[in-house]
Amino acid sequence: GLFFFIGCCYGMNTFYNAACIYIESYYTMPVGVCRSYVVYMAWVFFTSWFMFPGLFLLGPEGFAVITWSGTTI
């Protein structure tokens, strides 16, 4: 439980810093394809990093909603 809490604190800090960078990048890029790539990169980053705690909680280590084979990606 303690390590998961520490990991969540680290994750919140990482997400905050990444969001600041993506927002700044979005507004400094020229309108068009460059901004679309920044939005795409932000979606990929946040989606992939939200999977880690989600799979931990749903997997056998957490609430055992999904099996070992379900957490293997």
# chains A, B, ... in the order shown; residues from 1 in each chain; ligands from 1
>>> select_by_dssp(residues="stretch 1-67 of chain A", states="alpha helix (DSSP H)", output="MDAnalysis selection string")
chainID A and resid 2:28 33:58
>>> closest_residue(among="A:Leu55, A:Phe5, A:Val31, A:Asn13", to="A:Thr67", atoms="only C-alpha atoms")
A:Leu55
>>> atom_distance(atom1="atom CA of A:Val65", atom2="atom CA of A:Gly11")
22.7 Å
>>> residues_around(residues="A:Cys8", least_positions_apart="6", cutoff="12 Å", atoms="only C-alpha atoms", output="PyMOL selection string")
chain A and resi 1-2+14-15+49-50+52-54+56-57
>>> closest_residue(among="A:Met51, A:Val44, A:Leu58, A:Val38", to="A:Ile21", atoms="only C-alpha atoms")
A:Val38
